[in-house]
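final_9.cif follows; it contains mmCIF, C-alpha atoms.
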```cif
data_target
#
loop_
_atom_site.group_PDB
_atom_site.id
_atom_site.type_symbol
_atom_site.label_atom_id
_atom_site.label_comp_id
_atom_site.auth_asym_id
_atom_site.auth_seq_id
_atom_site.Cartn_x
_atom_site.Cartn_y
_atom_site.Cartn_z
ATOM 1 C CA MET A 753 19.821 107.981 173.938
ATOM 2 C CA SER A 754 22.732 109.016 171.733
ATOM 3 C CA SER A 755 23.418 112.649 170.998
ATOM 4 C CA THR A 756 22.933 111.956 167.262
ATOM 5 C CA ARG A 757 19.468 110.496 167.840
ATOM 6 C CA SER A 758 18.537 113.384 170.163
ATOM 7 C CA ALA A 759 19.641 115.904 167.564
ATOM 8 C CA ALA A 760 17.607 114.123 164.875
ATOM 9 C CA ILE A 761 14.482 114.125 167.073
ATOM 10 C CA LEU A 762 14.936 117.825 167.894
ATOM 11 C CA MET A 763 15.366 118.610 164.197
ATOM 12 C CA CYS A 764 12.179 116.717 163.339
ATOM 13 C CA LEU A 765 10.254 118.543 166.072
ATOM 14 C CA ALA A 766 11.586 121.894 164.891
ATOM 15 C CA THR A 767 10.612 121.092 161.295
ATOM 16 C CA LEU A 768 7.127 120.025 162.399
ATOM 17 C CA GLN A 769 6.689 123.183 164.479
ATOM 18 C CA ALA A 770 7.824 125.359 161.568
ATOM 19 C CA GLY A 771 5.410 123.544 159.261
ATOM 20 C CA LEU A 772 2.505 124.065 161.661
ATOM 21 C CA ALA A 773 3.390 127.743 162.060
ATOM 22 C CA SER A 774 3.516 128.152 158.292
ATOM 23 C CA ALA A 775 0.174 126.390 157.915
ATOM 24 C CA GLN A 776 -1.376 128.652 160.560
ATOM 25 C CA GLN A 777 -0.118 131.742 158.719
ATOM 26 C CA ARG A 778 -1.578 130.468 155.451
ATOM 27 C CA LEU A 779 -4.870 129.262 156.940
ATOM 28 C CA PHE A 780 -6.914 131.977 158.694
ATOM 29 C CA PRO A 781 -4.078 134.511 158.304
ATOM 30 C CA ALA A 782 -3.818 137.399 160.771
ATOM 31 C CA VAL A 783 -4.454 140.155 158.229
ATOM 32 C CA THR A 784 -6.996 142.937 157.926
ATOM 33 C CA SER A 785 -10.106 141.594 156.207
ATOM 34 C CA PHE A 786 -11.845 143.303 153.310
ATOM 35 C CA GLU A 787 -14.139 146.074 154.582
ATOM 36 C CA LEU A 788 -16.699 148.157 152.746
ATOM 37 C CA PRO A 789 -16.437 151.966 152.998
ATOM 38 C CA GLU A 790 -17.387 153.309 156.443
ATOM 39 C CA ALA A 791 -20.585 155.071 155.350
ATOM 40 C CA SER A 792 -21.860 152.229 153.177
ATOM 41 C CA PRO A 793 -25.333 151.044 154.280
ATOM 42 C CA ARG A 794 -24.018 147.519 153.598
ATOM 43 C CA VAL A 795 -21.496 146.759 156.346
ATOM 44 C CA HIS A 796 -19.468 144.032 158.040
ATOM 45 C CA GLY A 797 -19.863 143.613 161.782
ATOM 46 C CA LEU A 798 -22.645 143.520 164.368
ATOM 47 C CA VAL A 799 -24.601 146.729 163.863
ATOM 48 C CA GLY A 800 -27.657 148.304 165.456
ATOM 49 C CA ARG A 801 -29.288 151.404 163.984
ATOM 50 C CA LEU A 802 -32.064 153.683 165.269
ATOM 51 C CA MET A 803 -33.372 155.945 162.513
ATOM 52 C CA THR A 804 -35.942 158.618 161.874
ATOM 53 C CA ALA A 805 -37.205 158.252 158.326
ATOM 54 C CA THR A 806 -38.190 161.693 157.049
ATOM 55 C CA ARG A 807 -38.944 160.136 153.663
ATOM 56 C CA GLY A 808 -40.051 156.576 154.195
ATOM 57 C CA ASP A 809 -39.434 153.957 151.522
ATOM 58 C CA SER A 810 -42.060 151.461 152.726
ATOM 59 C CA ARG A 811 -45.814 152.058 153.086
ATOM 60 C CA PHE A 812 -45.267 152.928 156.743
ATOM 61 C CA GLY A 813 -44.019 156.272 155.444
ATOM 62 C CA ARG A 814 -42.364 158.752 157.818
ATOM 63 C CA GLU A 815 -41.621 157.041 161.110
ATOM 64 C CA HIS A 816 -38.987 155.770 163.536
ATOM 65 C CA GLU A 817 -37.294 152.555 162.416
ATOM 66 C CA GLY A 818 -34.640 150.169 163.641
ATOM 67 C CA GLU A 819 -32.209 148.036 161.685
ATOM 68 C CA VAL A 820 -30.103 145.110 162.873
ATOM 69 C CA VAL A 821 -27.141 143.827 160.873
ATOM 70 C CA LEU A 822 -25.191 140.668 161.596
ATOM 71 C CA GLY A 823 -22.312 139.673 159.380
ATOM 72 C CA GLU A 824 -18.585 139.677 158.847
ATOM 73 C CA ASN A 825 -15.923 138.997 156.293
ATOM 74 C CA PHE A 826 -13.283 136.493 157.410
ATOM 75 C CA PRO A 827 -9.854 135.985 155.783
ATOM 76 C CA VAL A 828 -9.641 132.217 155.213
ATOM 77 C CA VAL A 829 -6.576 131.389 153.104
ATOM 78 C CA ALA A 830 -3.433 133.334 152.203
ATOM 79 C CA LEU A 831 -2.999 132.502 148.507
ATOM 80 C CA GLN A 832 0.222 134.506 148.618
ATOM 81 C CA GLN A 833 2.197 135.660 151.651
ATOM 82 C CA GLY A 834 4.869 138.286 152.126
ATOM 83 C CA ASN A 835 4.802 142.038 151.570
ATOM 84 C CA HIS A 836 2.040 141.786 148.960
ATOM 85 C CA PRO A 837 -0.361 139.136 150.260
ATOM 86 C CA ILE A 838 -3.353 137.809 148.355
ATOM 87 C CA ILE A 839 -6.159 136.692 150.660
ATOM 88 C CA LEU A 840 -9.226 134.561 149.968
ATOM 89 C CA GLY A 841 -12.110 135.501 152.265
ATOM 90 C CA LEU A 842 -15.673 134.461 153.045
ATOM 91 C CA GLY A 843 -18.362 136.968 153.980
ATOM 92 C CA SER A 844 -22.043 137.002 154.855
ATOM 93 C CA GLN A 845 -24.562 139.507 156.194
ATOM 94 C CA VAL A 846 -28.233 139.665 157.110
ATOM 95 C CA TYR A 847 -30.188 142.920 157.473
ATOM 96 C CA GLY A 848 -33.514 143.244 159.282
ATOM 97 C CA ARG A 849 -35.545 146.491 159.257
ATOM 98 C CA PHE A 850 -38.275 147.069 161.850
ATOM 99 C CA SER A 851 -40.984 149.674 162.324
ATOM 100 C CA LEU A 852 -40.617 151.201 165.792
ATOM 101 C CA THR A 853 -43.801 153.265 165.371
ATOM 102 C CA ASP A 854 -45.943 150.187 164.807
ATOM 103 C CA PRO A 855 -47.248 148.759 168.133
ATOM 104 C CA LYS A 856 -45.914 145.300 167.227
ATOM 105 C CA SER A 857 -42.542 146.563 165.914
ATOM 106 C CA ALA A 858 -43.377 144.982 162.588
ATOM 107 C CA LEU A 859 -40.568 143.431 160.581
ATOM 108 C CA ILE A 860 -40.535 145.318 157.271
ATOM 109 C CA SER A 861 -37.972 143.318 155.313
ATOM 110 C CA THR A 862 -34.845 141.201 155.511
ATOM 111 C CA ASP A 863 -31.924 141.169 153.078
ATOM 112 C CA TRP A 864 -29.362 138.350 152.877
ATOM 113 C CA VAL A 865 -25.870 138.346 151.368
ATOM 114 C CA VAL A 866 -23.219 135.599 151.191
ATOM 115 C CA GLY A 867 -20.121 135.429 149.009
ATOM 116 C CA VAL A 868 -16.405 134.898 148.538
ATOM 117 C CA ASN A 869 -13.775 137.527 147.839
ATOM 118 C CA THR A 870 -10.099 137.786 146.966
ATOM 119 C CA THR A 871 -8.028 140.776 148.052
ATOM 120 C CA ALA A 872 -4.541 141.694 146.857
ATOM 121 C CA MET A 873 -2.637 144.172 149.029
ATOM 122 C CA LEU A 874 -0.150 146.221 147.018
ATOM 123 C CA ASN A 875 1.459 148.796 149.306
ATOM 124 C CA ALA A 876 -1.086 151.646 149.535
ATOM 125 C CA TRP A 877 -3.517 149.832 147.232
ATOM 126 C CA ALA A 878 -6.011 147.088 148.068
ATOM 127 C CA LEU A 879 -7.772 145.409 145.137
ATOM 128 C CA THR A 880 -10.765 143.156 145.807
ATOM 129 C CA LEU A 881 -12.847 140.934 143.563
ATOM 130 C CA GLU A 882 -15.957 139.299 145.021
ATOM 131 C CA VAL A 883 -18.830 137.124 143.896
ATOM 132 C CA TYR A 884 -21.910 137.085 146.109
ATOM 133 C CA HIS A 885 -25.504 135.900 146.261
ATOM 134 C CA GLU A 886 -28.143 138.372 147.414
ATOM 135 C CA SER A 887 -31.808 137.861 148.240
ATOM 136 C CA SER A 888 -34.537 139.891 149.925
ATOM 137 C CA HIS A 889 -37.844 139.087 151.641
ATOM 138 C CA LEU A 890 -40.819 141.017 152.993
ATOM 139 C CA GLY A 891 -41.499 140.734 156.704
ATOM 140 C CA ASP A 892 -44.535 138.658 157.675
ATOM 141 C CA GLU A 893 -46.101 141.459 159.737
ATOM 142 C CA TYR A 894 -45.587 143.966 156.952
ATOM 143 C CA GLY A 895 -47.130 141.618 154.390
ATOM 144 C CA ALA A 896 -50.145 141.043 156.646
ATOM 145 C CA ARG A 897 -50.726 144.754 157.217
ATOM 146 C CA PHE A 898 -50.045 145.926 153.676
ATOM 147 C CA PRO A 899 -50.920 143.045 151.323
ATOM 148 C CA ALA A 900 -48.129 143.092 148.766
ATOM 149 C CA ASP A 901 -46.183 140.703 146.616
ATOM 150 C CA ARG A 902 -42.541 140.119 147.383
ATOM 151 C CA VAL A 903 -40.099 141.577 144.875
ATOM 152 C CA ASP A 904 -38.059 138.567 143.725
ATOM 153 C CA TRP A 905 -34.680 140.120 144.467
ATOM 154 C CA THR A 906 -32.608 136.974 143.900
ATOM 155 C CA ARG A 907 -29.321 137.569 142.148
ATOM 156 C CA GLU A 908 -25.681 136.659 141.730
ATOM 157 C CA VAL A 909 -23.296 139.609 141.536
ATOM 158 C CA LEU A 910 -19.682 140.118 140.482
ATOM 159 C CA ALA A 911 -18.131 143.158 142.177
ATOM 160 C CA SER A 912 -14.720 144.793 142.250
ATOM 161 C CA TRP A 913 -13.233 147.329 144.671
ATOM 162 C CA ALA A 914 -10.082 149.428 144.558
ATOM 163 C CA SER A 915 -8.948 151.257 147.718
ATOM 164 C CA TYR A 916 -6.048 153.642 148.115
ATOM 165 C CA LEU A 917 -4.596 154.797 151.445
ATOM 166 C CA VAL A 918 -3.075 158.244 151.693
ATOM 167 C CA GLY A 919 -2.237 159.244 155.251
ATOM 168 C CA ARG A 920 -5.385 158.914 157.358
ATOM 169 C CA TRP A 921 -7.639 158.858 154.308
ATOM 170 C CA ARG A 922 -8.955 155.895 152.334
ATOM 171 C CA LEU A 923 -10.431 156.394 148.873
ATOM 172 C CA THR A 924 -12.532 153.548 147.456
ATOM 173 C CA ALA A 925 -14.140 152.985 144.071
ATOM 174 C CA GLY A 926 -16.425 150.050 143.337
ATOM 175 C CA ALA A 927 -18.179 148.585 140.319
ATOM 176 C CA SER A 928 -20.456 145.591 139.965
ATOM 177 C CA TYR A 929 -22.295 143.582 137.332
ATOM 178 C CA VAL A 930 -25.259 141.286 137.986
ATOM 179 C CA LEU A 931 -24.575 137.850 136.515
ATOM 180 C CA ASP A 932 -28.017 136.389 137.154
ATOM 181 C CA ASP A 933 -31.152 138.303 138.136
ATOM 182 C CA GLU A 934 -34.732 137.062 138.453
ATOM 183 C CA LEU A 935 -36.042 140.577 137.740
ATOM 184 C CA LYS A 936 -33.915 140.986 134.581
ATOM 185 C CA LEU A 937 -32.960 144.552 135.506
ATOM 186 C CA PRO A 938 -30.054 146.488 133.944
ATOM 187 C CA ALA A 939 -26.942 144.977 135.484
ATOM 188 C CA SER A 940 -24.293 147.661 136.109
ATOM 189 C CA SER A 941 -23.605 149.813 139.181
ATOM 190 C CA GLY A 942 -20.857 151.973 140.622
ATOM 191 C CA SER A 943 -19.878 153.599 143.905
ATOM 192 C CA LEU A 944 -17.360 155.923 145.538
ATOM 193 C CA GLY A 945 -16.342 156.162 149.189
ATOM 194 C CA ILE A 946 -14.104 158.492 151.211
ATOM 195 C CA ASP A 947 -13.096 157.550 154.765
ATOM 196 C CA TYR A 948 -11.051 159.341 157.400
ATOM 197 C CA HIS A 949 -9.620 157.484 160.411
ATOM 198 C CA GLY A 950 -8.119 159.863 162.960
ATOM 199 C CA HIS A 951 -5.323 159.268 165.442
ATOM 200 C CA ALA A 952 -6.190 157.024 168.382
ATOM 201 C CA ARG A 953 -5.918 158.817 171.724
ATOM 202 C CA PRO A 954 -6.222 157.552 175.315
ATOM 203 C CA PHE A 955 -9.801 157.569 176.582
ATOM 204 C CA LEU A 956 -11.144 155.967 179.793
ATOM 205 C CA GLY A 957 -8.394 153.352 179.897
ATOM 206 C CA GLY A 958 -8.663 152.550 176.214
ATOM 207 C CA LEU A 959 -8.241 154.285 172.893
ATOM 208 C CA ALA A 960 -10.656 156.382 170.840
ATOM 209 C CA ARG A 961 -10.395 157.770 167.338
ATOM 210 C CA PRO A 962 -12.708 159.802 165.108
ATOM 211 C CA VAL A 963 -14.149 158.198 161.977
ATOM 212 C CA ILE A 964 -15.729 160.115 159.095
ATOM 213 C CA GLY A 965 -17.250 158.553 155.997
ATOM 214 C CA LEU A 966 -19.023 159.634 152.824
ATOM 215 C CA PHE A 967 -20.412 157.120 150.338
ATOM 216 C CA SER A 968 -22.312 157.499 147.054
ATOM 217 C CA GLU A 969 -23.674 154.835 144.727
ATOM 218 C CA ALA A 970 -25.822 154.549 141.621
ATOM 219 C CA ASN A 971 -26.993 151.763 139.341
ATOM 220 C CA ALA A 972 -28.494 151.278 135.919
ATOM 221 C CA ALA A 973 -31.632 149.627 137.351
ATOM 222 C CA THR A 974 -32.771 153.012 138.705
ATOM 223 C CA GLN A 975 -31.532 155.171 135.813
ATOM 224 C CA TRP A 976 -28.320 156.021 137.693
ATOM 225 C CA ARG A 977 -30.037 158.001 140.424
ATOM 226 C CA VAL A 978 -27.402 158.800 143.022
ATOM 227 C CA SER A 979 -27.820 157.849 146.696
ATOM 228 C CA THR A 980 -25.513 159.334 149.329
ATOM 229 C CA SER A 981 -24.776 158.184 152.883
ATOM 230 C CA ALA A 982 -22.676 159.860 155.583
ATOM 231 C CA LYS A 983 -21.245 158.797 158.938
ATOM 232 C CA LEU A 984 -19.554 160.611 161.833
ATOM 233 C CA ALA A 985 -18.415 158.337 164.664
ATOM 234 C CA LEU A 986 -16.015 157.607 167.503
ATOM 235 C CA ALA A 987 -14.355 154.178 167.486
ATOM 236 C CA PHE A 988 -13.220 152.713 170.819
ATOM 237 C CA ALA A 989 -10.770 149.891 171.525
ATOM 238 C CA THR A 990 -8.665 148.612 174.406
ATOM 239 C CA SER A 991 -4.907 148.858 174.072
ATOM 240 C CA GLY A 992 -3.554 146.136 171.761
ATOM 241 C CA ASP A 993 -7.045 145.048 170.650
ATOM 242 C CA SER A 994 -7.797 145.216 166.925
ATOM 243 C CA HIS A 995 -11.561 144.885 167.503
ATOM 244 C CA GLU A 996 -13.444 148.146 167.931
ATOM 245 C CA ILE A 997 -16.816 149.410 169.056
ATOM 246 C CA SER A 998 -18.008 152.559 167.318
ATOM 247 C CA LEU A 999 -20.835 154.948 168.125
ATOM 248 C CA GLY A 1000 -21.881 157.353 165.422
ATOM 249 C CA LEU A 1001 -24.373 159.543 163.626
ATOM 250 C CA ILE A 1002 -25.581 158.353 160.223
ATOM 251 C CA GLY A 1003 -27.579 159.862 157.396
ATOM 252 C CA HIS A 1004 -28.872 158.741 154.013
ATOM 253 C CA ASP A 1005 -30.559 160.503 151.100
ATOM 254 C CA GLY A 1006 -31.517 158.852 147.831
ATOM 255 C CA LEU A 1007 -33.049 155.468 147.126
ATOM 256 C CA SER A 1008 -34.059 152.777 149.590
ATOM 257 C CA THR A 1009 -31.337 150.595 151.074
ATOM 258 C CA GLN A 1010 -33.975 147.843 151.440
ATOM 259 C CA ARG A 1011 -33.980 145.763 148.273
ATOM 260 C CA GLN A 1012 -37.751 145.185 148.450
ATOM 261 C CA PHE A 1013 -38.257 148.921 147.853
ATOM 262 C CA TYR A 1014 -35.308 149.566 145.549
ATOM 263 C CA ARG A 1015 -37.178 152.124 143.394
ATOM 264 C CA GLN A 1016 -38.514 154.132 146.355
ATOM 265 C CA GLY A 1017 -36.955 157.288 147.761
ATOM 266 C CA SER A 1018 -35.468 157.203 151.262
ATOM 267 C CA ARG A 1019 -34.120 159.812 153.651
ATOM 268 C CA TYR A 1020 -33.183 159.140 157.252
ATOM 269 C CA LEU A 1021 -31.041 160.342 160.156
ATOM 270 C CA GLY A 1022 -30.042 158.180 163.057
ATOM 271 C CA LEU A 1023 -27.618 156.567 165.470
ATOM 272 C CA GLU A 1024 -25.423 153.551 164.796
ATOM 273 C CA VAL A 1025 -23.601 151.207 167.159
ATOM 274 C CA ARG A 1026 -21.142 148.833 165.504
ATOM 275 C CA PHE A 1027 -19.139 145.964 166.990
ATOM 276 C CA ASP A 1028 -16.220 144.888 164.814
ATOM 277 C CA LEU A 1029 -16.224 141.085 165.111
#
```
Target encoding structure tokens, full file:
Amino acid sequence: MSSTRSAAILMCLATLQAGLASAQQRLFPAVTSFELPEASPRVHGLVGRLMTATRGDSRFGREHEGEVVLGENFPVVALQQGNHPIILGLGSQVYGRFSLTDPKSALISTDWVVGVNTTAMLNAWALTLEVYHESSHLGDEYGARFPADRVDWTREVLASWASYLVGRWRLTAGASYVLDDELKLPASSGSLGIDYHGHARPFLGGLARPVIGLFSEANAATQWRVSTSAKLALAFATSGDSHEISLGLIGHDGLSTQRQFYRQGSRYLGLEVRFDL
């Protein structure tokens, strides 16, 4: 084979490899995905919570409850690369709340969320716009024990988030508007979150860092009554691994985080284990 032909083949292979590398960077880019504030009851990841409800939102009243969350937000396409990327992502979550006091660990309710989001990263700022579908259902055991009609919480929501990083702190403001709602409730809502992520330090062959979060939200559907959640946790990771496992204390005071009981008061303290997928 002539040297000219060999050079041409090598050039074609190099061009193909560069094209594949570029496509990989644009498709499923290796960037940090959009995350809700740390103390938000709505989260991304695999989460287990054990809670003591001192003001119960369901008809079980004060009791011990468990909640399981499965969901994540995945960056899918880099609409723009470089120092200020714009990322299109896909996210979904499902929340299941159980009564641990009930002998059958009755399922109280399940909430479902699925949507798309676009995040622009501008130095210390991250701006996110998302559209998502949300629905909620009563648990079969709960409905059998306390005959009740399901609240038709079926809606499409447009939400925006603005986050600002300053040192170890992240400040987040959110606003949303319900585009379509079966209940025809007032559509606006707002929220604020403050997160602190401490320095990672060696711990048992890995790394550990403190995480503190405070989150407040209110919406027009409940006359702008404010609900506040707090979180104090330790996040663990192996060296060079971006995925973390966190163990923390959580608290909530305000309105129910279960959409079936959105007008009811709720207060709980508990433990949370979260696996960042």
Between CA of Ile997 in chain A and CA of Thr853 in chain A - distance in Å to one decimal
27.5 Å
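Pairwise distance (CA of Ala830 in chain A, CA of Tyr847 in chain A) equals 28.9 Å.
Note that CA of Leu999 in chain A and CA of Phe955 in chain A are 14.1 Å apart.
Of the listed residues A:Val846, A:Ala989, A:Val828, A:Leu910, the one whose atoms come nearest to Arg953 in chain A is A:Ala989, with distances taken using all atoms listed in the file.
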Can you spell out as JSON, numbers by chain the set of residues that the PyMOL selection byres ((chain A and resi 1024-1029) around 8) selects in the structure I just provided?
{"A": [796, 797, 798, 799, 800, 801, 802, 824, 995, 996, 997, 998, 999, 1000, 1001, 1002, 1022, 1023]}
Answer as a VMD selection string, residues within 12 Å of (-6.7, 161.2, 154.7) using all atoms listed in the file
chain A and resid 916 to 923 946 to 951 963 to 965
Cut-off 10 Å: closest range 852-929 of chain A/range 971-974 of chain A atom pairs per residue, using only C-alpha atoms, as a Markdown table:
```
| residue | atom | partner | partner_atom | distance |
| --- | --- | --- | --- | --- |
| A:Ala927 | CA | A:Asn971 | CA | 9.4 |
| A:Ser928 | CA | A:Asn971 | CA | 9.0 |
| A:Tyr929 | CA | A:Asn971 | CA | 9.6 |
```
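Each of A:Pro962, A:Val795, A:Ser941, A:Asp809 was compared to Tyr1020 in chain A using all atoms listed in the file, and A:Asp809 turns out to be the nearest.
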Go ahead and find all residues with at least one atom no further than 7 Å from (-17.7, 134.3, 148.5) in the file's coordinates, using all atoms listed in the file; report them as a VMD selection string.
chain A and resid 841 to 843 866 to 869 882 to 884
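Proximity of A:Thr871, A:Ser1018, A:Ser792, A:Thr804 to Ser943 in chain A, computed with only C-alpha atoms, is greatest for A:Ser792.
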As AutoDock Vina command-line options: centre and edge lengths in Å, one decimal, of the axis-aligned box holding range 919-928 of chain A with 5 Å per side:
```
--center_x -11.3 --center_y 152.4 --center_z 148.7 --size_x 28.2 --size_y 23.7 --size_z 27.4
```
Counting only C-alpha atoms, figure out which residue out of A:Ile838, A:Ala970, A:Ala858, A:Val909 gets nearest to Ala872 in chain A.
A:Ile838
Range 811-841 of chain A dumped to file, N, CA and C atoms, as a PDB file, in the first residue's frame:
```pdb
ATOM      1  N   ARG A 811     -55.763  10.796  56.916  1.00  0.00           N
ATOM      2  CA  ARG A 811     -56.658  10.429  58.023  1.00  0.00           C
ATOM      3  C   ARG A 811     -56.023   9.440  58.986  1.00  0.00           C
ATOM      4  N   PHE A 812     -54.806   8.974  58.688  1.00  0.00           N
ATOM      5  CA  PHE A 812     -54.071   8.193  59.678  1.00  0.00           C
ATOM      6  C   PHE A 812     -53.626   9.077  60.839  1.00  0.00           C
ATOM      7  N   GLY A 813     -53.494  10.363  60.595  1.00  0.00           N
ATOM      8  CA  GLY A 813     -53.109  11.290  61.657  1.00  0.00           C
ATOM      9  C   GLY A 813     -51.653  11.149  62.067  1.00  0.00           C
ATOM     10  N   ARG A 814     -51.373  11.352  63.345  1.00  0.00           N
ATOM     11  CA  ARG A 814     -49.997  11.265  63.858  1.00  0.00           C
ATOM     12  C   ARG A 814     -49.543   9.810  63.842  1.00  0.00           C
ATOM     13  N   GLU A 815     -48.412   9.558  63.198  1.00  0.00           N
ATOM     14  CA  GLU A 815     -47.940   8.182  63.098  1.00  0.00           C
ATOM     15  C   GLU A 815     -46.541   8.160  62.491  1.00  0.00           C
ATOM     16  N   HIS A 816     -45.981   6.958  62.386  1.00  0.00           N
ATOM     17  CA  HIS A 816     -44.715   6.752  61.688  1.00  0.00           C
ATOM     18  C   HIS A 816     -45.025   6.395  60.232  1.00  0.00           C
ATOM     19  N   GLU A 817     -44.307   7.031  59.315  1.00  0.00           N
ATOM     20  CA  GLU A 817     -44.544   6.805  57.890  1.00  0.00           C
ATOM     21  C   GLU A 817     -43.222   6.613  57.153  1.00  0.00           C
ATOM     22  N   GLY A 818     -43.312   5.976  56.016  1.00  0.00           N
ATOM     23  CA  GLY A 818     -42.162   5.801  55.141  1.00  0.00           C
ATOM     24  C   GLY A 818     -42.476   6.342  53.759  1.00  0.00           C
ATOM     25  N   GLU A 819     -41.454   6.828  53.084  1.00  0.00           N
ATOM     26  CA  GLU A 819     -41.630   7.319  51.720  1.00  0.00           C
ATOM     27  C   GLU A 819     -40.478   6.808  50.869  1.00  0.00           C
ATOM     28  N   VAL A 820     -40.816   6.348  49.673  1.00  0.00           N
ATOM     29  CA  VAL A 820     -39.821   5.866  48.716  1.00  0.00           C
ATOM     30  C   VAL A 820     -39.922   6.723  47.466  1.00  0.00           C
ATOM     31  N   VAL A 821     -38.777   7.197  46.996  1.00  0.00           N
ATOM     32  CA  VAL A 821     -38.716   8.033  45.800  1.00  0.00           C
ATOM     33  C   VAL A 821     -37.766   7.392  44.807  1.00  0.00           C
ATOM     34  N   LEU A 822     -38.193   7.277  43.576  1.00  0.00           N
ATOM     35  CA  LEU A 822     -37.330   6.773  42.514  1.00  0.00           C
ATOM     36  C   LEU A 822     -37.440   7.719  41.326  1.00  0.00           C
ATOM     37  N   GLY A 823     -36.321   8.303  40.951  1.00  0.00           N
ATOM     38  CA  GLY A 823     -36.354   9.211  39.814  1.00  0.00           C
ATOM     39  C   GLY A 823     -35.007   9.878  39.609  1.00  0.00           C
ATOM     40  N   GLU A 824     -34.837  10.459  38.457  1.00  0.00           N
ATOM     41  CA  GLU A 824     -33.583  11.142  38.151  1.00  0.00           C
ATOM     42  C   GLU A 824     -33.811  12.075  36.975  1.00  0.00           C
ATOM     43  N   ASN A 825     -32.925  13.036  36.866  1.00  0.00           N
ATOM     44  CA  ASN A 825     -32.906  13.905  35.705  1.00  0.00           C
ATOM     45  C   ASN A 825     -31.628  13.622  34.928  1.00  0.00           C
ATOM     46  N   PHE A 826     -31.758  13.304  33.642  1.00  0.00           N
ATOM     47  CA  PHE A 826     -30.617  12.924  32.826  1.00  0.00           C
ATOM     48  C   PHE A 826     -30.365  13.976  31.743  1.00  0.00           C
ATOM     49  N   PRO A 827     -29.118  14.486  31.635  1.00  0.00           N
ATOM     50  CA  PRO A 827     -28.778  15.352  30.505  1.00  0.00           C
ATOM     51  C   PRO A 827     -28.741  14.526  29.226  1.00  0.00           C
ATOM     52  N   VAL A 828     -29.488  14.916  28.209  1.00  0.00           N
ATOM     53  CA  VAL A 828     -29.631  14.114  26.996  1.00  0.00           C
ATOM     54  C   VAL A 828     -28.857  14.705  25.822  1.00  0.00           C
ATOM     55  N   VAL A 829     -29.024  15.991  25.561  1.00  0.00           N
ATOM     56  CA  VAL A 829     -28.412  16.623  24.398  1.00  0.00           C
ATOM     57  C   VAL A 829     -27.805  17.961  24.802  1.00  0.00           C
ATOM     58  N   ALA A 830     -26.572  18.215  24.346  1.00  0.00           N
ATOM     59  CA  ALA A 830     -25.948  19.518  24.529  1.00  0.00           C
ATOM     60  C   ALA A 830     -26.354  20.407  23.358  1.00  0.00           C
ATOM     61  N   LEU A 831     -27.317  21.294  23.562  1.00  0.00           N
ATOM     62  CA  LEU A 831     -27.744  22.200  22.499  1.00  0.00           C
ATOM     63  C   LEU A 831     -26.649  23.196  22.162  1.00  0.00           C
ATOM     64  N   GLN A 832     -25.823  23.501  23.163  1.00  0.00           N
ATOM     65  CA  GLN A 832     -24.659  24.361  22.961  1.00  0.00           C
ATOM     66  C   GLN A 832     -23.546  23.866  23.860  1.00  0.00           C
ATOM     67  N   GLN A 833     -22.331  23.782  23.329  1.00  0.00           N
ATOM     68  CA  GLN A 833     -21.184  23.328  24.094  1.00  0.00           C
ATOM     69  C   GLN A 833     -20.286  24.511  24.448  1.00  0.00           C
ATOM     70  N   GLY A 834     -19.168  24.215  25.090  1.00  0.00           N
ATOM     71  CA  GLY A 834     -18.234  25.274  25.426  1.00  0.00           C
ATOM     72  C   GLY A 834     -18.342  25.700  26.879  1.00  0.00           C
ATOM     73  N   ASN A 835     -17.902  26.941  27.148  1.00  0.00           N
ATOM     74  CA  ASN A 835     -17.872  27.446  28.515  1.00  0.00           C
ATOM     75  C   ASN A 835     -19.263  27.731  29.070  1.00  0.00           C
ATOM     76  N   HIS A 836     -20.229  27.960  28.187  1.00  0.00           N
ATOM     77  CA  HIS A 836     -21.593  28.253  28.607  1.00  0.00           C
ATOM     78  C   HIS A 836     -22.552  27.275  27.935  1.00  0.00           C
ATOM     79  N   PRO A 837     -22.542  26.022  28.369  1.00  0.00           N
ATOM     80  CA  PRO A 837     -23.368  25.014  27.692  1.00  0.00           C
ATOM     81  C   PRO A 837     -24.857  25.209  27.963  1.00  0.00           C
ATOM     82  N   ILE A 838     -25.656  24.729  27.020  1.00  0.00           N
ATOM     83  CA  ILE A 838     -27.103  24.670  27.168  1.00  0.00           C
ATOM     84  C   ILE A 838     -27.496  23.213  26.986  1.00  0.00           C
ATOM     85  N   ILE A 839     -28.141  22.640  28.006  1.00  0.00           N
ATOM     86  CA  ILE A 839     -28.375  21.200  28.047  1.00  0.00           C
ATOM     87  C   ILE A 839     -29.869  20.911  28.078  1.00  0.00           C
ATOM     88  N   LEU A 840     -30.294  19.993  27.222  1.00  0.00           N
ATOM     89  CA  LEU A 840     -31.671  19.495  27.234  1.00  0.00           C
ATOM     90  C   LEU A 840     -31.695  18.203  28.041  1.00  0.00           C
ATOM     91  N   GLY A 841     -32.573  18.135  29.043  1.00  0.00           N
ATOM     92  CA  GLY A 841     -32.618  16.967  29.914  1.00  0.00           C
ATOM     93  C   GLY A 841     -34.012  16.375  30.005  1.00  0.00           C
TER      94      GLY A 841
END
```
